[in-house]
Amino acid sequence: MGHKVHPKSVRLGYIREWESKWFNLKEMPDFIEEDRRVRVYLKDKLVKLASVSKIVIERPGKYLRVNIYTSRPGIVIGKGGQGIENLRKEIESMTAKKTFVNVMEIKRPEIDAQLVAEGIAFQLEKQIAFRRAMKKTIEKAMAAGANGIKVMVAGRLGGAEIARTEWLKEGRIPLQTFRADIDYGFAEAYTTMGQIGVKVWIFKKELFKKTIKELVEEAKLVDASEIAEQTIAQTTKKT
């Protein structure tokens, strides 16, 4: 059996941040459970309509701040802000804390791994061929500027009696490079023939990459060092 490591977990504190931003040893178990209940409630309420990628929860003092990252902020906010106000009241009743709800728009949902995985799962539930759904998704992601994408589906694909795993890949997915910004998403499709899991890896960019100017300067230094070595070698031969 292979031992897989979550691409986001190994990058926490390096190029990734936690989705729960607080620290309290005494009330940690209660806060973890409270965070879970808030996320489950928001996902159930918004996931089908608003395309929610992630929910970040912060606890500054006695307050609760919930940041909802979505590609459709208008649906979450609602007419005249009524939708977001209802969410705020529901969360306050669940947590008994003064709550602030912020809506963050995702500019390019085509390269957000969670939204891509949920989109493929939605297509599978609509009985679209899995290879067709995977290929179209990969084309859209690469056209949107992704450096690489890998899509994997597992289950009774196409109504087969025996479950299997299929995957497609385009571009680079450097999982061992920690400076590589790799987004990971997972979703499940509930079809008449059974449950199908969808996993998506998207390589967006490489952080801390050297600019062209820095590379040119490095090349000049290398050339200068090589010339110095050749000069020293020639002088030693003459002597």
# chains A, B, ... in the order shown; residues from 1 in each chain; ligands from 1
$ select_by_dssp --residues "chain A" --states "alpha helix (DSSP H)" --output "VMD selection string"
chain A and resid 28 to 50 73 to 77 82 to 95 113 to 125 130 to 143 212 to 238
$ write_last_selection --atoms "C-alpha atoms" --output "tab-separated table (two decimals), in the first residue's frame"
chain	number	residue	atom	x	y	z
A	28	MET	CA	-8.97	23.56	22.07
A	29	PRO	CA	-11.30	20.47	21.92
A	30	ASP	CA	-14.42	22.66	22.11
A	31	PHE	CA	-13.11	25.08	19.49
A	32	ILE	CA	-12.16	22.27	17.09
A	33	GLU	CA	-15.66	20.79	17.35
A	34	GLU	CA	-17.21	24.23	16.96
A	35	ASP	CA	-15.15	24.90	13.83
A	36	ARG	CA	-16.27	21.57	12.38
A	37	ARG	CA	-19.94	22.33	13.00
A	38	VAL	CA	-19.64	25.78	11.40
A	39	ARG	CA	-17.92	24.35	8.31
A	40	VAL	CA	-20.43	21.51	7.92
A	41	TYR	CA	-23.34	23.96	8.21
A	42	LEU	CA	-21.89	26.39	5.64
A	43	LYS	CA	-20.89	23.63	3.22
A	44	ASP	CA	-24.36	22.04	3.34
A	45	LYS	CA	-26.02	25.41	2.81
A	46	LEU	CA	-23.74	26.86	0.12
A	47	VAL	CA	-21.76	24.14	-1.62
A	48	LYS	CA	-24.29	23.39	-4.38
A	49	LEU	CA	-25.16	27.02	-5.11
A	50	ALA	CA	-22.20	29.23	-4.29
A	73	PRO	CA	-20.02	35.99	-3.94
A	74	GLY	CA	-23.34	37.48	-5.07
A	75	ILE	CA	-25.22	34.29	-4.14
A	76	VAL	CA	-23.67	34.21	-0.65
A	77	ILE	CA	-24.31	37.92	0.01
A	82	GLN	CA	-29.81	39.49	3.41
A	83	GLY	CA	-28.08	36.17	2.71
A	84	ILE	CA	-24.88	37.02	4.58
A	85	GLU	CA	-26.89	38.49	7.47
A	86	ASN	CA	-28.87	35.24	7.84
A	87	LEU	CA	-25.62	33.26	7.85
A	88	ARG	CA	-24.17	35.53	10.53
A	89	LYS	CA	-27.23	35.07	12.78
A	90	GLU	CA	-27.19	31.28	12.36
A	91	ILE	CA	-23.48	31.07	13.24
A	92	GLU	CA	-23.99	33.33	16.26
A	93	SER	CA	-26.80	31.06	17.51
A	94	MET	CA	-24.52	28.01	17.06
A	95	THR	CA	-21.45	29.48	18.77
A	113	ALA	CA	-8.52	22.41	-7.03
A	114	GLN	CA	-11.51	22.04	-4.69
A	115	LEU	CA	-13.90	23.76	-7.11
A	116	VAL	CA	-12.51	21.73	-10.02
A	117	ALA	CA	-13.02	18.46	-8.10
A	118	GLU	CA	-16.58	19.43	-7.17
A	119	GLY	CA	-17.28	20.38	-10.80
A	120	ILE	CA	-16.14	16.96	-12.03
A	121	ALA	CA	-18.21	15.24	-9.33
A	122	PHE	CA	-21.28	17.25	-10.39
A	123	GLN	CA	-20.76	16.18	-14.03
A	124	LEU	CA	-20.44	12.52	-13.00
A	125	GLU	CA	-23.73	12.78	-11.10
A	130	PHE	CA	-15.81	10.48	-16.84
A	131	ARG	CA	-13.04	10.76	-19.47
A	132	ARG	CA	-14.86	13.58	-21.22
A	133	ALA	CA	-15.32	15.46	-17.94
A	134	MET	CA	-11.64	15.00	-17.02
A	135	LYS	CA	-10.33	16.14	-20.42
A	136	LYS	CA	-12.51	19.25	-20.53
A	137	THR	CA	-11.46	20.20	-17.00
A	138	ILE	CA	-7.76	19.78	-17.82
A	139	GLU	CA	-8.11	21.91	-20.96
A	140	LYS	CA	-9.81	24.72	-19.02
A	141	ALA	CA	-7.20	24.65	-16.23
A	142	MET	CA	-4.24	24.78	-18.63
A	143	ALA	CA	-5.90	27.58	-20.61
A	212	ILE	CA	15.64	36.71	-15.36
A	213	LYS	CA	17.84	39.55	-14.06
A	214	GLU	CA	19.11	37.40	-11.17
A	215	LEU	CA	19.82	34.49	-13.53
A	216	VAL	CA	21.79	36.78	-15.88
A	217	GLU	CA	23.85	38.09	-12.96
A	218	GLU	CA	24.55	34.52	-11.80
A	219	ALA	CA	25.63	33.58	-15.33
A	220	LYS	CA	28.03	36.55	-15.40
A	221	LEU	CA	29.56	35.49	-12.08
A	222	VAL	CA	29.99	31.92	-13.33
A	223	ASP	CA	31.66	33.17	-16.52
A	224	ALA	CA	33.95	35.47	-14.50
A	225	SER	CA	34.97	32.63	-12.18
A	226	GLU	CA	35.70	30.34	-15.16
A	227	ILE	CA	37.89	33.03	-16.79
A	228	ALA	CA	39.76	33.53	-13.50
A	229	GLU	CA	40.38	29.77	-13.20
A	230	GLN	CA	41.69	29.59	-16.77
A	231	THR	CA	44.03	32.55	-16.14
A	232	ILE	CA	45.39	30.95	-12.97
A	233	ALA	CA	45.92	27.65	-14.81
A	234	GLN	CA	47.84	29.37	-17.62
A	235	THR	CA	50.09	31.30	-15.22
A	236	THR	CA	50.92	28.16	-13.26
A	237	LYS	CA	51.86	26.37	-16.51
A	238	LYS	CA	54.22	29.21	-17.53
$ residues_around --residues "region 61-71 of chain A" --least-positions-apart "2" --cutoff "7 Å" --atoms "only C-alpha atoms" --output "PDB file with all heavy atoms, in the first residue's frame"
ATOM      1  N   ALA A  50     -23.170  28.135  -4.297  1.00  0.00           N
ATOM      2  CA  ALA A  50     -22.197  29.226  -4.293  1.00  0.00           C
ATOM      3  C   ALA A  50     -20.778  28.801  -4.648  1.00  0.00           C
ATOM      4  O   ALA A  50     -19.892  29.639  -4.709  1.00  0.00           O
ATOM      5  CB  ALA A  50     -22.196  29.907  -2.925  1.00  0.00           C
ATOM      6  N   SER A  51     -20.498  27.509  -4.862  1.00  0.00           N
ATOM      7  CA  SER A  51     -19.155  27.034  -5.205  1.00  0.00           C
ATOM      8  C   SER A  51     -18.129  27.493  -4.172  1.00  0.00           C
ATOM      9  O   SER A  51     -17.227  28.280  -4.454  1.00  0.00           O
ATOM     10  CB  SER A  51     -18.750  27.529  -6.598  1.00  0.00           C
ATOM     11  OG  SER A  51     -19.643  27.056  -7.571  1.00  0.00           O
ATOM     12  N   VAL A  52     -18.260  27.003  -2.950  1.00  0.00           N
ATOM     13  CA  VAL A  52     -17.368  27.392  -1.860  1.00  0.00           C
ATOM     14  C   VAL A  52     -16.112  26.519  -1.898  1.00  0.00           C
ATOM     15  O   VAL A  52     -16.198  25.298  -1.897  1.00  0.00           O
ATOM     16  CB  VAL A  52     -18.082  27.257  -0.494  1.00  0.00           C
ATOM     17  CG1 VAL A  52     -17.110  27.551   0.636  1.00  0.00           C
ATOM     18  CG2 VAL A  52     -19.267  28.195  -0.431  1.00  0.00           C
ATOM     19  N   SER A  53     -14.947  27.159  -1.935  1.00  0.00           N
ATOM     20  CA  SER A  53     -13.688  26.436  -1.976  1.00  0.00           C
ATOM     21  C   SER A  53     -13.193  26.093  -0.575  1.00  0.00           C
ATOM     22  O   SER A  53     -12.868  24.947  -0.279  1.00  0.00           O
ATOM     23  CB  SER A  53     -12.644  27.270  -2.704  1.00  0.00           C
ATOM     24  OG  SER A  53     -11.375  26.675  -2.613  1.00  0.00           O
ATOM     25  N   LYS A  54     -13.131  27.098   0.299  1.00  0.00           N
ATOM     26  CA  LYS A  54     -12.671  26.854   1.664  1.00  0.00           C
ATOM     27  C   LYS A  54     -13.274  27.876   2.611  1.00  0.00           C
ATOM     28  O   LYS A  54     -13.749  28.932   2.182  1.00  0.00           O
ATOM     29  CB  LYS A  54     -11.139  26.892   1.756  1.00  0.00           C
ATOM     30  CG  LYS A  54     -10.526  28.249   1.459  1.00  0.00           C
ATOM     31  CD  LYS A  54      -9.013  28.198   1.636  1.00  0.00           C
ATOM     32  CE  LYS A  54      -8.372  29.553   1.351  1.00  0.00           C
ATOM     33  NZ  LYS A  54      -6.924  29.554   1.555  1.00  0.00           N
ATOM     34  N   ILE A  55     -13.244  27.551   3.897  1.00  0.00           N
ATOM     35  CA  ILE A  55     -13.797  28.411   4.948  1.00  0.00           C
ATOM     36  C   ILE A  55     -12.714  28.585   6.009  1.00  0.00           C
ATOM     37  O   ILE A  55     -12.292  27.608   6.642  1.00  0.00           O
ATOM     38  CB  ILE A  55     -15.066  27.801   5.561  1.00  0.00           C
ATOM     39  CG1 ILE A  55     -16.148  27.659   4.482  1.00  0.00           C
ATOM     40  CG2 ILE A  55     -15.577  28.661   6.704  1.00  0.00           C
ATOM     41  CD1 ILE A  55     -17.268  26.725   4.865  1.00  0.00           C
ATOM     42  N   VAL A  56     -12.257  29.812   6.178  1.00  0.00           N
ATOM     43  CA  VAL A  56     -11.202  30.123   7.158  1.00  0.00           C
ATOM     44  C   VAL A  56     -11.858  30.743   8.385  1.00  0.00           C
ATOM     45  O   VAL A  56     -12.635  31.697   8.264  1.00  0.00           O
ATOM     46  CB  VAL A  56     -10.157  31.076   6.564  1.00  0.00           C
ATOM     47  CG1 VAL A  56      -9.107  31.442   7.605  1.00  0.00           C
ATOM     48  CG2 VAL A  56      -9.500  30.453   5.337  1.00  0.00           C
ATOM     49  N   ILE A  57     -11.541  30.208   9.562  1.00  0.00           N
ATOM     50  CA  ILE A  57     -12.128  30.676  10.815  1.00  0.00           C
ATOM     51  C   ILE A  57     -11.044  31.284  11.684  1.00  0.00           C
ATOM     52  O   ILE A  57     -10.020  30.654  11.961  1.00  0.00           O
ATOM     53  CB  ILE A  57     -12.839  29.523  11.559  1.00  0.00           C
ATOM     54  CG1 ILE A  57     -13.992  28.987  10.700  1.00  0.00           C
ATOM     55  CG2 ILE A  57     -13.354  29.982  12.907  1.00  0.00           C
ATOM     56  CD1 ILE A  57     -14.682  27.776  11.273  1.00  0.00           C
ATOM     57  N   GLU A  58     -11.269  32.514  12.122  1.00  0.00           N
ATOM     58  CA  GLU A  58     -10.340  33.216  13.008  1.00  0.00           C
ATOM     59  C   GLU A  58     -11.053  33.547  14.313  1.00  0.00           C
ATOM     60  O   GLU A  58     -12.255  33.799  14.320  1.00  0.00           O
ATOM     61  CB  GLU A  58      -9.840  34.500  12.330  1.00  0.00           C
ATOM     62  CG  GLU A  58      -9.139  34.276  11.005  1.00  0.00           C
ATOM     63  CD  GLU A  58      -8.751  35.571  10.327  1.00  0.00           C
ATOM     64  OE1 GLU A  58      -8.845  36.621  10.986  1.00  0.00           O
ATOM     65  OE2 GLU A  58      -8.374  35.537   9.142  1.00  0.00           O
ATOM     66  N   ARG A  59     -10.294  33.588  15.406  1.00  0.00           N
ATOM     67  CA  ARG A  59     -10.850  33.884  16.734  1.00  0.00           C
ATOM     68  C   ARG A  59     -10.032  34.991  17.404  1.00  0.00           C
ATOM     69  O   ARG A  59      -9.245  34.722  18.313  1.00  0.00           O
ATOM     70  CB  ARG A  59     -10.880  32.639  17.604  1.00  0.00           C
ATOM     71  CG  ARG A  59     -11.783  31.535  17.074  1.00  0.00           C
ATOM     72  CD  ARG A  59     -11.708  30.286  17.931  1.00  0.00           C
ATOM     73  NE  ARG A  59     -12.526  29.218  17.387  1.00  0.00           N
ATOM     74  CZ  ARG A  59     -13.815  29.033  17.668  1.00  0.00           C
ATOM     75  NH1 ARG A  59     -14.434  29.869  18.496  1.00  0.00           N
ATOM     76  NH2 ARG A  59     -14.491  28.037  17.144  1.00  0.00           N
ATOM     77  N   PRO A  73     -19.746  35.236  -5.169  1.00  0.00           N
ATOM     78  CA  PRO A  73     -20.019  35.994  -3.940  1.00  0.00           C
ATOM     79  C   PRO A  73     -21.421  36.579  -3.889  1.00  0.00           C
ATOM     80  O   PRO A  73     -21.987  36.746  -2.808  1.00  0.00           O
ATOM     81  CB  PRO A  73     -18.955  37.098  -3.966  1.00  0.00           C
ATOM     82  CG  PRO A  73     -18.553  37.215  -5.397  1.00  0.00           C
ATOM     83  CD  PRO A  73     -18.686  35.845  -5.980  1.00  0.00           C
ATOM     84  N   LYS A  97     -21.259  33.527  20.077  1.00  0.00           N
ATOM     85  CA  LYS A  97     -20.196  34.531  20.016  1.00  0.00           C
ATOM     86  C   LYS A  97     -20.548  35.570  18.958  1.00  0.00           C
ATOM     87  O   LYS A  97     -21.210  35.258  17.965  1.00  0.00           O
ATOM     88  CB  LYS A  97     -18.848  33.883  19.670  1.00  0.00           C
ATOM     89  CG  LYS A  97     -18.281  32.983  20.747  1.00  0.00           C
ATOM     90  CD  LYS A  97     -16.909  32.489  20.341  1.00  0.00           C
ATOM     91  CE  LYS A  97     -16.308  31.602  21.415  1.00  0.00           C
ATOM     92  NZ  LYS A  97     -17.009  30.323  21.545  1.00  0.00           N
ATOM     93  N   LYS A  98     -20.088  36.800  19.179  1.00  0.00           N
ATOM     94  CA  LYS A  98     -20.248  37.849  18.182  1.00  0.00           C
ATOM     95  C   LYS A  98     -19.485  37.447  16.930  1.00  0.00           C
ATOM     96  O   LYS A  98     -18.285  37.176  16.977  1.00  0.00           O
ATOM     97  CB  LYS A  98     -19.718  39.173  18.728  1.00  0.00           C
ATOM     98  CG  LYS A  98     -19.823  40.348  17.774  1.00  0.00           C
ATOM     99  CD  LYS A  98     -21.244  40.784  17.545  1.00  0.00           C
ATOM    100  CE  LYS A  98     -21.306  42.042  16.693  1.00  0.00           C
ATOM    101  NZ  LYS A  98     -22.692  42.416  16.365  1.00  0.00           N
ATOM    102  N   THR A  99     -20.190  37.403  15.779  1.00  0.00           N
ATOM    103  CA  THR A  99     -19.608  36.839  14.559  1.00  0.00           C
ATOM    104  C   THR A  99     -19.567  37.872  13.441  1.00  0.00           C
ATOM    105  O   THR A  99     -20.504  38.668  13.279  1.00  0.00           O
ATOM    106  CB  THR A  99     -20.429  35.617  14.101  1.00  0.00           C
ATOM    107  OG1 THR A  99     -20.488  34.658  15.161  1.00  0.00           O
ATOM    108  CG2 THR A  99     -19.796  34.975  12.881  1.00  0.00           C
ATOM    109  N   PHE A 100     -18.476  37.828  12.679  1.00  0.00           N
ATOM    110  CA  PHE A 100     -18.345  38.633  11.464  1.00  0.00           C
ATOM    111  C   PHE A 100     -18.125  37.673  10.300  1.00  0.00           C
ATOM    112  O   PHE A 100     -17.269  36.786  10.384  1.00  0.00           O
ATOM    113  CB  PHE A 100     -17.165  39.605  11.572  1.00  0.00           C
ATOM    114  CG  PHE A 100     -17.291  40.577  12.706  1.00  0.00           C
ATOM    115  CD1 PHE A 100     -16.712  40.297  13.950  1.00  0.00           C
ATOM    116  CD2 PHE A 100     -17.998  41.757  12.561  1.00  0.00           C
ATOM    117  CE1 PHE A 100     -16.826  41.184  15.003  1.00  0.00           C
ATOM    118  CE2 PHE A 100     -18.114  42.652  13.616  1.00  0.00           C
ATOM    119  CZ  PHE A 100     -17.533  42.370  14.841  1.00  0.00           C
ATOM    120  N   VAL A 101     -18.875  37.850   9.230  1.00  0.00           N
ATOM    121  CA  VAL A 101     -18.761  36.988   8.048  1.00  0.00           C
ATOM    122  C   VAL A 101     -18.240  37.812   6.879  1.00  0.00           C
ATOM    123  O   VAL A 101     -18.839  38.823   6.509  1.00  0.00           O
ATOM    124  CB  VAL A 101     -20.114  36.337   7.695  1.00  0.00           C
ATOM    125  CG1 VAL A 101     -19.971  35.462   6.455  1.00  0.00           C
ATOM    126  CG2 VAL A 101     -20.648  35.518   8.861  1.00  0.00           C
ATOM    127  N   ASN A 102     -17.123  37.383   6.307  1.00  0.00           N
ATOM    128  CA  ASN A 102     -16.541  38.047   5.132  1.00  0.00           C
ATOM    129  C   ASN A 102     -16.600  37.110   3.940  1.00  0.00           C
ATOM    130  O   ASN A 102     -16.370  35.897   4.075  1.00  0.00           O
ATOM    131  CB  ASN A 102     -15.082  38.441   5.396  1.00  0.00           C
ATOM    132  CG  ASN A 102     -14.959  39.373   6.582  1.00  0.00           C
ATOM    133  OD1 ASN A 102     -15.792  40.256   6.782  1.00  0.00           O
ATOM    134  ND2 ASN A 102     -13.919  39.171   7.383  1.00  0.00           N
ATOM    135  N   VAL A 103     -16.897  37.659   2.783  1.00  0.00           N
ATOM    136  CA  VAL A 103     -16.968  36.875   1.545  1.00  0.00           C
ATOM    137  C   VAL A 103     -15.786  37.259   0.659  1.00  0.00           C
ATOM    138  O   VAL A 103     -15.631  38.419   0.298  1.00  0.00           O
ATOM    139  CB  VAL A 103     -18.299  37.111   0.808  1.00  0.00           C
ATOM    140  CG1 VAL A 103     -18.327  36.317  -0.493  1.00  0.00           C
ATOM    141  CG2 VAL A 103     -19.474  36.723   1.691  1.00  0.00           C
ATOM    142  N   MET A 104     -14.951  36.272   0.335  1.00  0.00           N
ATOM    143  CA  MET A 104     -13.775  36.483  -0.519  1.00  0.00           C
ATOM    144  C   MET A 104     -14.033  35.859  -1.887  1.00  0.00           C
ATOM    145  O   MET A 104     -14.376  34.674  -1.970  1.00  0.00           O
ATOM    146  CB  MET A 104     -12.529  35.842   0.111  1.00  0.00           C
ATOM    147  CG  MET A 104     -12.307  36.217   1.560  1.00  0.00           C
ATOM    148  SD  MET A 104     -11.903  37.962   1.761  1.00  0.00           S
ATOM    149  CE  MET A 104     -11.522  38.031   3.507  1.00  0.00           C
ATOM    150  N   GLU A 105     -13.856  36.664  -2.934  1.00  0.00           N
ATOM    151  CA  GLU A 105     -14.116  36.159  -4.284  1.00  0.00           C
ATOM    152  C   GLU A 105     -12.899  35.445  -4.843  1.00  0.00           C
ATOM    153  O   GLU A 105     -11.765  35.930  -4.730  1.00  0.00           O
ATOM    154  CB  GLU A 105     -14.509  37.310  -5.211  1.00  0.00           C
ATOM    155  CG  GLU A 105     -14.868  36.850  -6.612  1.00  0.00           C
ATOM    156  CD  GLU A 105     -15.224  37.996  -7.539  1.00  0.00           C
ATOM    157  OE1 GLU A 105     -15.133  39.156  -7.109  1.00  0.00           O
ATOM    158  OE2 GLU A 105     -15.577  37.714  -8.700  1.00  0.00           O
ATOM    159  N   ILE A 106     -13.120  34.289  -5.466  1.00  0.00           N
ATOM    160  CA  ILE A 106     -12.068  33.553  -6.168  1.00  0.00           C
ATOM    161  C   ILE A 106     -12.099  34.003  -7.622  1.00  0.00           C
ATOM    162  O   ILE A 106     -13.070  33.778  -8.337  1.00  0.00           O
ATOM    163  CB  ILE A 106     -12.288  32.033  -6.059  1.00  0.00           C
ATOM    164  CG1 ILE A 106     -12.209  31.599  -4.588  1.00  0.00           C
ATOM    165  CG2 ILE A 106     -11.270  31.274  -6.890  1.00  0.00           C
ATOM    166  CD1 ILE A 106     -12.588  30.165  -4.357  1.00  0.00           C
ATOM    167  N   LYS A 107     -11.022  34.664  -8.053  1.00  0.00           N
ATOM    168  CA  LYS A 107     -10.987  35.265  -9.381  1.00  0.00           C
ATOM    169  C   LYS A 107     -10.933  34.218 -10.486  1.00  0.00           C
ATOM    170  O   LYS A 107     -11.534  34.391 -11.553  1.00  0.00           O
ATOM    171  CB  LYS A 107      -9.782  36.204  -9.501  1.00  0.00           C
ATOM    172  CG  LYS A 107      -9.758  37.335  -8.480  1.00  0.00           C
ATOM    173  CD  LYS A 107     -10.857  38.340  -8.735  1.00  0.00           C
ATOM    174  CE  LYS A 107     -10.742  39.526  -7.777  1.00  0.00           C
ATOM    175  NZ  LYS A 107     -11.838  40.501  -7.994  1.00  0.00           N
ATOM    176  N   PRO A 109     -11.694  30.422 -10.803  1.00  0.00           N
ATOM    177  CA  PRO A 109     -12.147  29.128 -10.274  1.00  0.00           C
ATOM    178  C   PRO A 109     -11.648  27.933 -11.072  1.00  0.00           C
ATOM    179  O   PRO A 109     -11.662  26.803 -10.566  1.00  0.00           O
ATOM    180  CB  PRO A 109     -13.680  29.235 -10.365  1.00  0.00           C
ATOM    181  CG  PRO A 109     -13.944  30.283 -11.381  1.00  0.00           C
ATOM    182  CD  PRO A 109     -12.800  31.244 -11.297  1.00  0.00           C
TER     183      PRO A 109
END
$ residues_around --residues "Phe208 (chain A)" --least-positions-apart "6" --cutoff "12 Å" --atoms "only C-alpha atoms" --output "PyMOL selection string"
chain A and resi 14-15+177-181+214
$ write_last_selection --atoms "N, CA and C atoms" --output "tab-separated table (two decimals), in the first residue's frame"
chain	number	residue	atom	x	y	z
A	14	TYR	N	5.12	27.14	5.59
A	14	TYR	CA	6.15	27.47	4.60
A	14	TYR	C	5.56	28.34	3.50
A	15	ILE	N	4.63	27.79	2.72
A	15	ILE	CA	3.92	28.61	1.73
A	15	ILE	C	2.41	28.51	1.92
A	177	THR	N	8.71	19.20	-4.33
A	177	THR	CA	9.28	20.54	-4.26
A	177	THR	C	8.40	21.41	-3.37
A	178	PHE	N	8.88	21.74	-2.18
A	178	PHE	CA	8.06	22.45	-1.21
A	178	PHE	C	7.73	23.87	-1.63
A	179	ARG	N	8.58	24.48	-2.43
A	179	ARG	CA	8.29	25.84	-2.87
A	179	ARG	C	7.25	25.87	-3.99
A	180	ALA	N	6.87	24.71	-4.51
A	180	ALA	CA	5.86	24.64	-5.56
A	180	ALA	C	4.47	24.82	-4.94
A	181	ASP	N	3.72	25.77	-5.48
A	181	ASP	CA	2.36	26.05	-5.00
A	181	ASP	C	1.41	25.06	-5.65
A	214	GLU	N	18.26	38.13	-12.12
A	214	GLU	CA	19.11	37.40	-11.17
A	214	GLU	C	19.85	36.26	-11.87
$ residues_around --residues "region 154-157 of chain A" --least-positions-apart "6" --cutoff "7 Å" --atoms "only C-alpha atoms" --output "VMD selection string"
chain A and resid 163 to 166 193 to 198
$ closest_residue --among "A:Ser20, A:Ile128, A:Ile202, A:Gly145" --to "Leu175 (chain A)" --atoms "only C-alpha atoms"
A:Ile202
$ atom_distance --atom1 "CA of Leu207 (chain A)" --atom2 "CA of Ile149 (chain A)"
17.2 Å
$ select_by_dssp --residues "region 75-145 of chain A" --states "strand (DSSP E or B)" --output "number ranges by chain"
A: 99-105
$ write_last_selection --atoms "N, CA, C and O atoms" --output "mmCIF file, in the first residue's frame"
data_model
loop_
_atom_site.group_PDB
_atom_site.id
_atom_site.type_symbol
_atom_site.label_atom_id
_atom_site.label_comp_id
_atom_site.auth_asym_id
_atom_site.auth_seq_id
_atom_site.Cartn_x
_atom_site.Cartn_y
_atom_site.Cartn_z
ATOM 1 N N THR A 99 -20.190 37.403 15.779
ATOM 2 C CA THR A 99 -19.608 36.839 14.559
ATOM 3 C C THR A 99 -19.567 37.872 13.441
ATOM 4 O O THR A 99 -20.504 38.668 13.279
ATOM 5 N N PHE A 100 -18.476 37.828 12.679
ATOM 6 C CA PHE A 100 -18.345 38.633 11.464
ATOM 7 C C PHE A 100 -18.125 37.673 10.300
ATOM 8 O O PHE A 100 -17.269 36.786 10.384
ATOM 9 N N VAL A 101 -18.875 37.850 9.230
ATOM 10 C CA VAL A 101 -18.761 36.988 8.048
ATOM 11 C C VAL A 101 -18.240 37.812 6.879
ATOM 12 O O VAL A 101 -18.839 38.823 6.509
ATOM 13 N N ASN A 102 -17.123 37.383 6.307
ATOM 14 C CA ASN A 102 -16.541 38.047 5.132
ATOM 15 C C ASN A 102 -16.600 37.110 3.940
ATOM 16 O O ASN A 102 -16.370 35.897 4.075
ATOM 17 N N VAL A 103 -16.897 37.659 2.783
ATOM 18 C CA VAL A 103 -16.968 36.875 1.545
ATOM 19 C C VAL A 103 -15.786 37.259 0.659
ATOM 20 O O VAL A 103 -15.631 38.419 0.298
ATOM 21 N N MET A 104 -14.951 36.272 0.335
ATOM 22 C CA MET A 104 -13.775 36.483 -0.519
ATOM 23 C C MET A 104 -14.033 35.859 -1.887
ATOM 24 O O MET A 104 -14.376 34.674 -1.970
ATOM 25 N N GLU A 105 -13.856 36.664 -2.934
ATOM 26 C CA GLU A 105 -14.116 36.159 -4.284
ATOM 27 C C GLU A 105 -12.899 35.445 -4.843
ATOM 28 O O GLU A 105 -11.765 35.930 -4.730
#
$ decode --residues "region 42-54 of chain A" --atoms "N, CA and C atoms" --output "mmCIF file, in the first residue's frame"
data_model
loop_
_atom_site.group_PDB
_atom_site.id
_atom_site.type_symbol
_atom_site.label_atom_id
_atom_site.label_comp_id
_atom_site.auth_asym_id
_atom_site.auth_seq_id
_atom_site.Cartn_x
_atom_site.Cartn_y
_atom_site.Cartn_z
ATOM 1 N N LEU A 42 -22.078 25.514 6.806
ATOM 2 C CA LEU A 42 -21.892 26.387 5.643
ATOM 3 C C LEU A 42 -21.749 25.582 4.353
ATOM 4 N N LYS A 43 -21.054 24.459 4.411
ATOM 5 C CA LYS A 43 -20.892 23.627 3.220
ATOM 6 C C LYS A 43 -22.242 23.091 2.752
ATOM 7 N N ASP A 44 -23.047 22.582 3.707
ATOM 8 C CA ASP A 44 -24.361 22.039 3.343
ATOM 9 C C ASP A 44 -25.268 23.118 2.759
ATOM 10 N N LYS A 45 -25.137 24.330 3.240
ATOM 11 C CA LYS A 45 -26.016 25.407 2.812
ATOM 12 C C LYS A 45 -25.575 26.045 1.494
ATOM 13 N N LEU A 46 -24.247 26.081 1.244
ATOM 14 C CA LEU A 46 -23.742 26.862 0.120
ATOM 15 C C LEU A 46 -23.051 26.062 -0.974
ATOM 16 N N VAL A 47 -22.650 24.835 -0.701
ATOM 17 C CA VAL A 47 -21.758 24.136 -1.621
ATOM 18 C C VAL A 47 -22.382 23.935 -2.995
ATOM 19 N N LYS A 48 -23.657 23.642 -3.080
ATOM 20 C CA LYS A 48 -24.287 23.388 -4.378
ATOM 21 C C LYS A 48 -24.568 24.668 -5.158
ATOM 22 N N LEU A 49 -24.764 25.783 -4.455
ATOM 23 C CA LEU A 49 -25.163 27.021 -5.107
ATOM 24 C C LEU A 49 -24.002 27.986 -5.323
ATOM 25 N N ALA A 50 -23.170 28.135 -4.297
ATOM 26 C CA ALA A 50 -22.197 29.226 -4.293
ATOM 27 C C ALA A 50 -20.778 28.801 -4.648
ATOM 28 N N SER A 51 -20.498 27.509 -4.862
ATOM 29 C CA SER A 51 -19.155 27.034 -5.205
ATOM 30 C C SER A 51 -18.129 27.493 -4.172
ATOM 31 N N VAL A 52 -18.260 27.003 -2.950
ATOM 32 C CA VAL A 52 -17.368 27.392 -1.860
ATOM 33 C C VAL A 52 -16.112 26.519 -1.898
ATOM 34 N N SER A 53 -14.947 27.159 -1.935
ATOM 35 C CA SER A 53 -13.688 26.436 -1.976
ATOM 36 C C SER A 53 -13.193 26.093 -0.575
ATOM 37 N N LYS A 54 -13.131 27.098 0.299
ATOM 38 C CA LYS A 54 -12.671 26.854 1.664
ATOM 39 C C LYS A 54 -13.274 27.876 2.611
#
